[in-house]
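my_file-v7.txt follows (compact mmCIF, C-alpha atoms (C1' of nucleotides)):
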```
# COMPACT_ATOMS: atom_id res chain seq x y z
CA MET A 1497 0.00 0.00 0.00
CA GLY A 1498 2.02 2.98 -1.18
CA LYS A 1499 1.06 6.59 -1.29
CA THR A 1500 1.98 6.55 -4.95
CA LYS A 1501 -0.58 8.71 -6.63
CA THR A 1502 -2.93 9.75 -3.86
CA THR A 1503 -4.64 12.80 -5.10
CA ARG A 1504 -6.53 13.76 -1.95
CA MET A 1505 -4.47 12.21 0.78
CA PRO A 1506 -6.20 13.41 3.95
CA LYS A 1507 -4.12 15.09 6.58
CA THR A 1508 -2.19 12.77 8.85
CA TYR A 1509 -2.62 13.76 12.45
CA LYS A 1510 0.35 13.61 14.72
CA ILE A 1511 -0.44 11.81 17.97
CA ILE A 1512 1.38 11.27 21.23
CA PHE A 1513 0.13 8.15 23.01
CA ILE A 1514 0.22 7.80 26.78
CA GLY A 1515 -0.65 4.50 28.48
CA THR A 1516 0.84 1.67 30.48
CA PRO A 1517 -0.96 -1.66 31.06
CA GLU A 1518 -2.45 -4.32 28.82
CA TYR A 1519 -5.66 -2.33 28.72
CA SER A 1520 -3.98 0.39 26.69
CA VAL A 1521 -2.47 -1.88 24.06
CA PRO A 1522 -5.44 -2.42 21.68
CA THR A 1523 -5.93 1.34 21.41
CA LEU A 1524 -2.25 1.94 20.76
CA GLU A 1525 -2.14 -0.73 18.09
CA ALA A 1526 -5.28 0.59 16.45
CA LEU A 1527 -3.76 4.06 16.25
CA ILE A 1528 -0.54 2.75 14.80
CA ALA A 1529 -2.36 0.68 12.21
CA ASP A 1530 -4.58 3.54 11.09
CA GLU A 1531 -3.02 5.60 8.33
CA ARG A 1532 -4.94 8.69 9.28
CA PHE A 1533 -2.73 8.99 12.34
CA LYS A 1534 0.93 9.01 13.01
CA VAL A 1535 2.05 8.04 16.48
CA ALA A 1536 5.02 10.30 17.01
CA ALA A 1537 5.92 9.15 20.51
CA VAL A 1538 4.72 6.88 23.27
CA ILE A 1539 4.90 7.76 26.93
CA THR A 1540 4.64 4.90 29.39
CA ALA A 1541 5.61 4.07 32.95
CA PRO A 1542 9.20 3.09 33.73
CA ASP A 1543 10.13 -0.59 33.86
CA ALA A 1544 9.26 -1.87 37.30
CA PRO A 1545 10.29 -4.82 39.45
CA VAL A 1546 7.56 -7.44 39.26
CA GLY A 1547 6.73 -10.54 41.25
CA ARG A 1548 8.45 -12.37 44.07
CA LYS A 1549 11.77 -12.22 42.33
CA GLN A 1550 11.40 -8.52 41.55
CA ILE A 1551 12.42 -8.96 37.95
CA LEU A 1552 12.63 -5.64 36.14
CA THR A 1553 9.79 -5.81 33.64
CA PRO A 1554 8.79 -3.41 30.88
CA PRO A 1555 5.11 -2.37 30.86
CA PRO A 1556 2.90 -3.95 28.14
CA VAL A 1557 2.64 -0.70 26.22
CA LYS A 1558 6.42 -0.54 25.93
CA VAL A 1559 6.58 -4.09 24.66
CA ALA A 1560 3.92 -3.35 22.06
CA THR A 1561 5.61 -0.13 20.99
CA GLN A 1562 8.98 -1.73 20.48
CA LYS A 1563 7.59 -3.88 17.69
CA PHE A 1564 7.05 -0.74 15.64
CA ASN A 1565 10.26 1.03 16.44
CA LEU A 1566 8.56 4.13 17.74
CA PRO A 1567 10.16 6.55 20.21
CA ILE A 1568 9.41 5.58 23.81
CA LEU A 1569 9.58 7.88 26.80
CA GLN A 1570 9.47 6.51 30.34
CA PRO A 1571 9.60 9.48 32.70
CA SER A 1572 9.39 8.67 36.38
CA LYS A 1573 7.14 11.68 36.83
CA LEU A 1574 5.38 14.31 34.79
CA CYS A 1575 5.17 17.15 37.29
CA GLY A 1576 7.84 19.20 38.92
CA LYS A 1577 10.50 21.73 38.18
CA ASP A 1578 13.42 19.37 37.68
CA VAL A 1579 15.47 19.55 34.57
CA ALA A 1580 14.28 16.13 33.49
CA VAL A 1581 10.61 17.13 33.58
CA GLN A 1582 11.27 20.44 31.86
CA ARG A 1583 13.25 18.68 29.17
CA LEU A 1584 10.35 16.29 28.68
CA TYR A 1585 7.98 19.20 28.16
CA GLY A 1586 10.36 20.56 25.57
CA GLU A 1587 10.57 17.29 23.71
CA LEU A 1588 6.81 17.00 23.59
CA ARG A 1589 6.41 20.56 22.35
CA ASP A 1590 8.94 19.96 19.62
CA ILE A 1591 6.84 17.13 18.31
CA LYS A 1592 4.00 19.61 17.75
CA PRO A 1593 1.30 17.00 18.27
CA ASP A 1594 -2.24 17.47 17.05
CA ALA A 1595 -3.53 15.48 20.00
CA ILE A 1596 -2.40 13.45 22.96
CA ILE A 1597 -4.33 10.24 23.65
CA THR A 1598 -4.17 8.82 27.13
CA ILE A 1599 -5.59 5.55 28.34
CA ALA A 1600 -4.77 4.00 31.69
CA TYR A 1601 -1.46 5.70 32.24
CA GLY A 1602 -1.54 5.75 36.00
CA GLN A 1603 -0.44 9.31 36.64
CA ILE A 1604 -2.04 12.72 36.62
CA ILE A 1605 -1.29 14.69 33.48
CA PRO A 1606 -0.27 18.24 34.45
CA PRO A 1607 -1.60 21.36 32.68
CA GLU A 1608 1.81 21.94 31.13
CA ILE A 1609 1.24 18.83 29.04
CA LEU A 1610 -2.52 19.20 28.59
CA ASN A 1611 -1.87 22.46 26.78
CA ILE A 1612 0.75 21.23 24.37
CA PRO A 1613 -1.36 19.62 21.62
CA LYS A 1614 -3.32 21.75 19.21
CA PHE A 1615 -6.53 19.84 19.86
CA GLY A 1616 -5.88 19.02 23.49
CA CYS A 1617 -5.41 15.90 25.45
CA LEU A 1618 -8.01 13.18 25.15
CA ASN A 1619 -8.67 10.31 27.52
CA LEU A 1620 -10.49 7.01 27.17
CA HIS A 1621 -12.16 5.96 30.40
CA ALA A 1622 -13.67 2.54 31.11
CA SER A 1623 -17.06 3.70 32.31
CA LEU A 1624 -20.02 5.77 31.25
CA LEU A 1625 -18.91 9.03 32.84
CA PRO A 1626 -19.75 10.74 35.08
CA LYS A 1627 -20.30 7.34 36.69
CA TYR A 1628 -17.20 5.72 38.21
CA ARG A 1629 -14.52 8.32 37.88
CA GLY A 1630 -11.20 6.98 39.10
CA ALA A 1631 -9.02 3.92 38.95
CA SER A 1632 -11.43 0.97 39.20
CA PRO A 1633 -14.46 1.68 36.97
CA ILE A 1634 -14.56 -1.86 35.57
CA GLN A 1635 -14.72 -3.62 38.92
CA ALA A 1636 -17.27 -1.10 40.19
CA ALA A 1637 -19.69 -1.78 37.34
CA VAL A 1638 -19.65 -5.55 37.88
CA LYS A 1639 -19.68 -5.28 41.65
CA ASN A 1640 -22.74 -3.07 41.64
CA GLY A 1641 -24.61 -5.32 39.25
CA ASP A 1642 -24.99 -2.68 36.55
CA ALA A 1643 -26.83 -3.76 33.42
CA GLN A 1644 -24.42 -1.96 31.18
CA SER A 1645 -21.07 -0.30 31.05
CA GLY A 1646 -19.04 1.29 28.31
CA VAL A 1647 -16.24 3.64 27.46
CA THR A 1648 -16.08 7.41 27.41
CA LEU A 1649 -13.89 9.49 25.14
CA MET A 1650 -13.38 12.87 26.69
CA LYS A 1651 -11.23 15.93 26.55
CA MET A 1652 -9.11 16.08 29.66
CA ASP A 1653 -9.07 18.92 32.10
CA GLU A 1654 -7.16 19.19 35.33
CA GLY A 1655 -9.64 17.20 37.38
CA LEU A 1656 -9.87 13.45 37.80
CA ASP A 1657 -11.92 12.21 34.85
CA THR A 1658 -13.98 15.38 34.88
CA GLY A 1659 -13.49 16.71 31.35
CA PRO A 1660 -16.23 17.24 28.78
CA VAL A 1661 -17.42 14.19 26.88
CA ILE A 1662 -16.73 13.69 23.19
CA ALA A 1663 -18.45 10.32 22.79
CA GLN A 1664 -19.61 7.24 24.64
CA GLU A 1665 -20.15 3.67 23.53
CA LYS A 1666 -22.21 1.29 25.64
CA ILE A 1667 -21.93 -2.41 26.21
CA THR A 1668 -24.13 -4.92 28.02
CA ILE A 1669 -22.71 -6.56 31.11
CA ALA A 1670 -23.26 -10.32 30.97
CA ASN A 1671 -24.63 -12.07 34.04
CA ASN A 1672 -21.41 -14.05 34.30
CA GLU A 1673 -19.17 -11.10 33.57
CA THR A 1674 -15.89 -10.91 35.44
CA GLY A 1675 -13.54 -8.02 35.91
CA GLU A 1676 -11.26 -9.76 33.45
CA SER A 1677 -13.83 -10.32 30.72
CA LEU A 1678 -15.21 -6.80 30.95
CA HIS A 1679 -11.68 -5.43 30.96
CA ASP A 1680 -10.95 -7.20 27.69
CA LYS A 1681 -14.19 -6.10 26.07
CA LEU A 1682 -13.76 -2.49 27.06
CA ALA A 1683 -10.13 -2.46 25.97
CA LYS A 1684 -11.26 -3.39 22.46
CA LEU A 1685 -14.22 -1.06 22.58
CA SER A 1686 -11.89 1.78 23.55
CA ALA A 1687 -9.87 1.26 20.40
CA GLN A 1688 -12.98 1.20 18.23
CA THR A 1689 -14.48 4.22 19.90
CA LEU A 1690 -11.36 6.28 19.42
CA LEU A 1691 -11.05 5.52 15.73
CA LYS A 1692 -14.73 6.17 15.24
CA TYR A 1693 -14.85 9.61 16.82
CA LEU A 1694 -11.35 11.03 16.83
CA PRO A 1695 -11.35 12.18 13.19
CA ASP A 1696 -14.65 14.01 13.59
CA TYR A 1697 -13.43 15.58 16.79
CA LEU A 1698 -10.23 16.78 15.16
CA ALA A 1699 -12.27 18.15 12.28
CA GLY A 1700 -14.31 20.16 14.74
CA LYS A 1701 -17.51 18.29 14.00
CA ILE A 1702 -18.32 17.26 17.56
CA THR A 1703 -19.85 19.38 20.28
CA LEU A 1704 -18.46 18.51 23.66
CA GLN A 1705 -20.92 17.70 26.44
CA PRO A 1706 -19.93 18.76 29.95
CA GLN A 1707 -20.34 16.10 32.62
CA ASP A 1708 -23.13 16.41 35.14
CA ASP A 1709 -21.16 16.54 38.38
CA ILE A 1710 -24.29 15.85 40.42
CA LYS A 1711 -24.46 12.34 38.96
CA ALA A 1712 -20.77 11.66 39.38
CA SER A 1713 -19.48 8.77 41.45
CA LEU A 1714 -16.01 7.61 42.38
CA ALA A 1715 -14.37 4.21 41.91
CA PRO A 1716 -11.13 4.51 43.86
CA LYS A 1717 -8.00 2.48 43.40
CA LEU A 1718 -8.35 -1.01 44.85
CA THR A 1719 -6.02 -2.92 47.10
CA ARG A 1720 -6.02 -6.56 48.15
CA GLN A 1721 -7.62 -5.50 51.39
CA ASN A 1722 -10.75 -4.53 49.45
CA GLY A 1723 -11.14 -8.16 48.43
CA CYS A 1724 -11.86 -9.32 51.97
CA ILE A 1725 -15.27 -10.94 51.92
CA ASP A 1726 -17.90 -9.88 54.43
CA TRP A 1727 -19.99 -13.03 54.79
CA THR A 1728 -22.82 -11.19 56.50
CA LYS A 1729 -23.69 -9.63 53.17
CA PRO A 1730 -26.27 -11.27 50.89
CA ALA A 1731 -25.03 -14.08 48.65
CA VAL A 1732 -25.95 -12.19 45.48
CA GLU A 1733 -23.70 -9.30 46.43
CA ILE A 1734 -20.79 -11.53 47.31
CA GLU A 1735 -21.20 -13.44 44.06
CA ARG A 1736 -20.91 -10.18 42.15
CA LEU A 1737 -17.92 -9.12 44.23
CA VAL A 1738 -16.07 -12.34 43.44
CA ARG A 1739 -16.71 -11.85 39.72
CA ALA A 1740 -15.88 -8.15 39.79
CA TYR A 1741 -12.60 -8.54 41.63
CA TYR A 1742 -11.33 -11.42 39.49
CA PRO A 1743 -8.44 -11.45 38.83
CA TRP A 1744 -7.60 -8.18 40.59
CA PRO A 1745 -7.60 -7.55 43.53
CA GLY A 1746 -9.08 -11.00 44.12
CA THR A 1747 -11.41 -12.00 46.94
CA TRP A 1748 -10.41 -13.86 50.08
CA SER A 1749 -11.33 -14.86 53.58
CA THR A 1750 -9.51 -16.58 56.41
CA TRP A 1751 -9.85 -20.18 57.54
CA ASP A 1752 -8.33 -20.56 60.96
CA THR A 1753 -5.01 -18.77 60.52
CA HIS A 1754 -4.80 -19.26 56.79
CA THR A 1755 -5.78 -16.99 53.98
CA LEU A 1756 -8.18 -18.66 51.59
CA LYS A 1757 -8.62 -17.03 48.22
CA ILE A 1758 -12.04 -17.44 46.69
CA ILE A 1759 -11.40 -17.59 42.97
CA SER A 1760 -14.85 -18.31 41.65
CA VAL A 1761 -18.28 -19.18 42.95
CA SER A 1762 -21.33 -20.64 41.28
CA SER A 1763 -23.74 -18.12 39.85
CA LYS A 1764 -26.49 -20.26 41.29
CA ILE A 1765 -27.39 -18.99 44.73
CA LEU A 1766 -28.41 -21.57 47.32
CA LYS A 1767 -31.58 -20.87 49.22
CA SER A 1768 -30.66 -21.48 52.77
CA ALA A 1769 -30.74 -19.80 56.09
CA GLY A 1770 -30.04 -20.36 59.72
CA ASN A 1771 -26.36 -21.11 59.73
CA GLN A 1772 -23.88 -18.60 60.94
CA PRO A 1773 -22.51 -16.41 58.13
CA GLY A 1774 -19.18 -17.79 56.93
CA SER A 1775 -19.88 -21.34 58.05
CA ILE A 1776 -18.99 -24.05 55.56
CA PHE A 1777 -21.05 -27.04 54.58
CA LYS A 1778 -20.81 -29.69 51.91
CA TYR A 1779 -23.07 -29.43 48.91
CA ASN A 1780 -22.87 -31.89 46.01
CA GLU A 1781 -19.19 -32.70 46.61
CA LYS A 1782 -18.48 -29.00 46.68
CA LEU A 1783 -18.11 -26.40 49.36
CA ALA A 1784 -20.89 -24.03 50.24
CA VAL A 1785 -20.66 -21.00 52.48
CA GLN A 1786 -23.50 -19.47 54.38
CA CYS A 1787 -23.91 -15.76 53.72
CA GLY A 1788 -26.00 -13.11 55.42
CA GLU A 1789 -28.79 -14.04 53.08
CA ASN A 1790 -28.76 -17.40 51.29
CA ALA A 1791 -25.53 -19.25 50.54
CA LEU A 1792 -22.85 -19.57 47.88
CA VAL A 1793 -21.25 -22.64 46.29
CA ILE A 1794 -17.51 -22.26 45.86
CA GLU A 1795 -16.19 -23.52 42.53
CA THR A 1796 -12.50 -22.65 42.67
CA LEU A 1797 -10.28 -21.62 45.53
CA GLN A 1798 -6.68 -21.34 46.65
CA LEU A 1799 -5.19 -21.85 50.06
CA GLU A 1800 -2.14 -19.72 50.76
CA GLY A 1801 0.99 -21.55 49.72
CA LYS A 1802 -1.00 -23.95 47.58
CA LYS A 1803 -1.96 -23.96 43.98
CA LEU A 1804 -5.32 -22.93 42.72
CA MET A 1805 -7.75 -25.86 42.67
CA SER A 1806 -11.37 -26.82 42.30
CA ALA A 1807 -13.54 -27.23 45.38
CA GLU A 1808 -13.73 -30.99 44.73
CA GLU A 1809 -9.97 -31.35 44.69
CA PHE A 1810 -9.63 -29.20 47.74
CA LEU A 1811 -12.14 -31.29 49.64
CA ARG A 1812 -10.18 -34.50 49.06
CA GLY A 1813 -7.29 -33.21 51.07
CA TYR A 1814 -8.96 -30.70 53.35
CA GLY A 1815 -12.25 -32.35 54.26
CA ASN A 1816 -11.85 -30.99 57.75
CA ILE A 1817 -12.88 -27.57 56.54
CA VAL A 1818 -16.49 -28.69 56.53
CA GLY A 1819 -18.11 -27.23 59.61
CA ALA A 1820 -15.51 -24.50 60.01
CA THR A 1821 -16.32 -20.83 59.75
CA LEU A 1822 -14.61 -18.37 57.45
CA ARG A 1823 -13.95 -14.97 58.93
CA ALA A 1824 -12.87 -11.57 57.78
CA VAL A 1825 -9.60 -10.97 59.48
CA SER A 1826 -9.94 -7.25 59.81
CA PRO A 1827 -13.16 -5.30 59.93
CA THR A 1828 -13.29 -3.77 56.49
CA SER A 1829 -14.44 -0.23 56.55
CA PRO A 1830 -17.28 0.27 54.11
CA THR A 1831 -16.03 1.63 50.84
CA LYS A 1832 -18.17 3.06 48.16
C1' C B 613 19.96 -12.20 51.32
C1' G B 614 12.07 -8.72 52.43
C1' C B 615 8.27 -12.45 55.37
C1' G B 616 5.92 -17.19 55.04
C1' G B 617 3.70 -22.13 53.18
C1' G B 618 4.83 -26.35 50.13
C1' G B 619 7.11 -30.54 46.64
C1' U B 620 4.87 -38.38 49.12
C1' A B 621 0.39 -43.04 43.44
C1' G B 622 -3.22 -39.81 37.87
C1' A B 623 -5.58 -35.59 41.56
C1' G B 624 -5.86 -33.59 46.62
C1' C B 625 -3.69 -34.68 51.29
C1' A B 626 -1.71 -37.66 56.07
C1' G B 627 2.71 -39.78 57.74
C1' U B 628 3.21 -39.34 65.34
C1' U B 629 9.85 -39.87 69.57
C1' G B 630 13.92 -42.45 62.51
C1' G B 631 11.74 -49.11 62.00
C1' C B 632 7.68 -52.96 55.99
C1' A B 633 4.60 -45.90 52.64
C1' G B 634 -1.15 -44.58 54.01
C1' C B 635 -6.23 -41.84 53.35
C1' U B 636 -10.06 -39.73 50.08
C1' C B 637 -11.08 -39.45 44.88
C1' G B 638 -9.97 -41.31 40.11
C1' C B 639 -8.41 -45.60 37.05
C1' C B 640 -8.70 -51.25 35.74
C1' A B 641 -11.24 -56.02 36.67
C1' G B 642 -15.17 -58.69 38.89
C1' G B 643 -19.86 -58.71 41.71
C1' C B 644 -24.83 -56.82 43.22
C1' C B 645 -29.00 -54.48 40.67
C1' C B 646 -34.30 -53.40 35.97
C1' A B 647 -30.42 -49.77 36.31
C1' U B 648 -26.65 -46.29 38.14
C1' A B 649 -22.46 -41.27 39.03
C1' A B 650 -24.91 -45.71 44.40
C1' C B 651 -23.07 -50.26 47.01
C1' C B 652 -19.55 -54.75 47.70
C1' U B 653 -14.83 -57.40 46.36
C1' G B 654 -10.18 -57.52 44.19
C1' G B 655 -6.16 -54.95 41.39
C1' A B 656 -2.68 -51.75 38.99
C1' G B 657 -0.04 -47.45 39.93
C1' G B 658 5.48 -44.24 44.38
C1' U B 659 13.34 -43.18 42.02
C1' C B 660 8.78 -39.89 48.95
C1' G B 661 11.75 -32.76 44.10
C1' C B 662 17.58 -33.36 43.28
C1' C B 663 22.61 -34.17 45.46
C1' G B 664 25.53 -35.30 49.56
C1' G B 665 25.99 -36.44 55.04
C1' U B 666 24.66 -38.96 59.95
C1' U B 667 22.73 -44.08 61.01
C1' C B 668 22.32 -51.13 61.34
C1' G B 669 18.23 -48.47 59.09
C1' A B 670 16.08 -41.76 56.61
C1' G B 671 9.69 -39.62 53.68
C1' U B 672 11.30 -38.47 58.82
C1' C B 673 17.62 -35.84 61.34
C1' C B 674 21.91 -32.41 59.10
C1' G B 675 24.04 -29.47 54.79
C1' G B 676 23.62 -27.71 49.69
C1' C B 677 20.64 -27.04 45.20
C1' C B 678 16.11 -26.89 41.95
C1' C B 679 10.92 -25.93 41.40
C1' C B 680 5.71 -24.26 42.92
C1' C B 681 2.71 -20.90 45.79
C1' G B 682 0.60 -16.91 49.53
C1' C B 683 2.03 -11.94 51.53
C1' A B 684 4.83 -7.64 50.86
C1' A B 685 6.68 -4.45 46.90
```

Would you encode the structure as structure tokens?
Amino acid sequence: MGKTKTTRMPKTYKIIFIGTPEYSVPTLEALIADERFKVAAVITAPDAPVGRKQILTPPPVKVATQKFNLPILQPSKLCGKDVAVQRLYGELRDIKPDAIITIAYGQIIPPEILNIPKFGCLNLHASLLPKYRGASPIQAAVKNGDAQSGVTLMKMDEGLDTGPVIAQEKITIANNETGESLHDKLAKLSAQTLLKYLPDYLAGKITLQPQDDIKASLAPKLTRQNGCIDWTKPAVEIERLVRAYYPWPGTWSTWDTHTLKIISVSSKILKSAGNQPGSIFKYNEKLAVQCGENALVIETLQLEGKKLMSAEEFLRGYGNIVGATLRAVSPTSPTK
RNA sequence: CGCGGGGUAGAGCAGUUGGCAGCUCGCCAGGCCCAUAACCUGGAGGUCGCCGGUUCGAGUCCGGCCCCCGCAA
């Protein structure tokens, strides 16, 4: 495909891409593949030590970028008055980008950068803003049992996911949706949404819609601690929590002195009452746990130090868990 | 040297102060039954992660190494 005798070759927009994790990759690749855009540089987080062995690992966006031989910048920070940061600003200005596209970068973008591109700095967010501003919109949608989710393309301002909306695309949340599956769907949808609306936006054909701050909600960054299961809650809520927090931050409880990760539970809720919340009983060769309302059947679990296994396998070696009671080790303060 | 758990039959586990290697499930064969994923009987299947040491004797005690996993980051 050459540009041999293109008579009306449309303008190629110069883009700076900013992103870090796997979630950002489909959008980056879509931009690179699209001839209407030229990715002039990619900004991503520095390589970080990962895992028990603390092996220095490049972020997924860096790995993806390297295949195309594009310039990669990995500043440790974007704000400040140091020489390094000022030099970065200079480099970005010299590129003279038409737009900056950010998706899941992990750091606040300062005004100095927001103002560099001709058409501003755009962000793709994994929720239907103004719902679920913040770091964990995907988990929040599944956890709360929302019927749908989606992605929002917006022009960034200095606030946290508060900028005016360029476009939104919706998606239905399946009744067996997990954080992982929705993550993957929205990552692809983000790429499609960007390609669909970015050209019109750059051509000035789209009117931006301000967000209604009254309807805004926050989905803060999650930690493992958030995955502690409160068995006094209704089974339906816990079932959604387990799905929402798979694979990150995961859900867990404690059996005696051991941490027990709950990997997956059956979507079928057991009608049952009377037992103490957290108490374990056998149900069809599997484990069931009494909740505040009804009970859950555990499908897959992992005892600390052990490999992940099915409830049946687990029961062969740890039959003595039947009759025990799972407890939350620390009283989790209600988050919402 | 960040903290901790673990490697024993195909799977999941037990193995007490060193003394013939066990349990549950699965698998194979036979039996019972109208029938069965149920029940009964029998059977196969293990270099106890690797190397070395102590000992009459090591899954077990000592030293070194490899691998898996939870936490923390």

Q: Counting all atoms listed in the file, collect the residues of chain A whose closest atom lies at most 7 Å from chain B, and write them out as a ChimeraX atom specification.
A: /A:1800-1803,1809-1810,1812-1814

Q: Rank A:Glu1654, A:Lys1764, A:Tyr1697, A:Leu1624 by their smallest atom-to-atom distance to A:Ile1667, using only C-alpha atoms, and report the top residue only.
A: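 When distances to A:Ile1667 are compared using only C-alpha atoms, the smallest one comes from A:Leu1624.
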
Q: Would you please work out which residue, of A:Ile1539, A:Ala1699, A:Leu1610, A:Leu1620, is nearest to A:Leu1569 when using all atoms listed in the file?
A: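 Among the listed residues, the smallest separation from A:Leu1569 belongs to A:Ile1539.
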
Q.
Just the number, please: distance in Å from atom CA of A:Arg1629 to atom CA of A:Ser1572, one decimal.
A. 24.0 Å

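Computed from the coordinates, the atom CA of A:Pro1606 to atom CA of A:Cys1575 distance equals 6.2 Å.
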
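Atom to atom, atom C1' of B:G622 and atom C1' of B:C678 stand 23.6 Å apart.
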
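Ranking B:C677, B:A621, B:U629, B:C615 by their shortest atom-to-atom distance to B:A656, with only C-alpha atoms (C1' of nucleotides) included, puts B:A621 first.
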
Q. So, counting only C-alpha atoms, which residue among A:Thr1561, A:Val1738, A:Asp1752, A:Gly1770 is closest to A:Thr1796?
A.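 Looking only at the distances to A:Thr1796, the closest residue turns out to be A:Val1738.
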
Point (-17.1, -28.7, 46.6) neighbourhood (7 Å, only C-alpha atoms (C1' of nucleotides)) written as a PDB file with C-alpha atoms, in the coordinates of the input:
```pdb
ATOM      1  CA  LYS A1778     -20.810 -29.690  51.910  1.00  0.00           C
ATOM      2  CA  TYR A1779     -23.070 -29.430  48.910  1.00  0.00           C
ATOM      3  CA  ASN A1780     -22.870 -31.890  46.010  1.00  0.00           C
ATOM      4  CA  GLU A1781     -19.190 -32.700  46.610  1.00  0.00           C
ATOM      5  CA  LYS A1782     -18.480 -29.000  46.680  1.00  0.00           C
ATOM      6  CA  LEU A1783     -18.110 -26.400  49.360  1.00  0.00           C
ATOM      7  CA  ILE A1794     -17.510 -22.260  45.860  1.00  0.00           C
ATOM      8  CA  GLU A1795     -16.190 -23.520  42.530  1.00  0.00           C
ATOM      9  CA  ALA A1807     -13.540 -27.230  45.380  1.00  0.00           C
ATOM     10  CA  GLU A1808     -13.730 -30.990  44.730  1.00  0.00           C
ATOM     11  CA  LEU A1811     -12.140 -31.290  49.640  1.00  0.00           C
TER      12      LEU A1811
END
```

For stretch 1619-1630 of chain A, I'd like the enclosing box, axis-aligned and padded by 6 Å on every side, reported as lines of an AutoDock Vina configuration file with centre and edge lengths in Å to one decimal.
```
center_x = -14.5
center_y = 6.6
center_z = 33.1
size_x = 23.6
size_y = 20.2
size_z = 23.9
```

Q: For each of A:Gly1641, A:Gly1659, A:Gly1815, A:Gly1746, take the minimum atom-to-atom distance to A:Asn1671, counting all atoms listed in the file, then give the residue where this is smallest.
A: A:Gly1641

**Q.** Contacts of A:Thr1523 within 9 Å, only C-alpha atoms (C1' of nucleotides), excl. fewer than 2 positions in-chain, as a PyMOL selection string
**A.** chain A and resi 1519-1521+1525-1528+1599+1683-1688+1690-1691
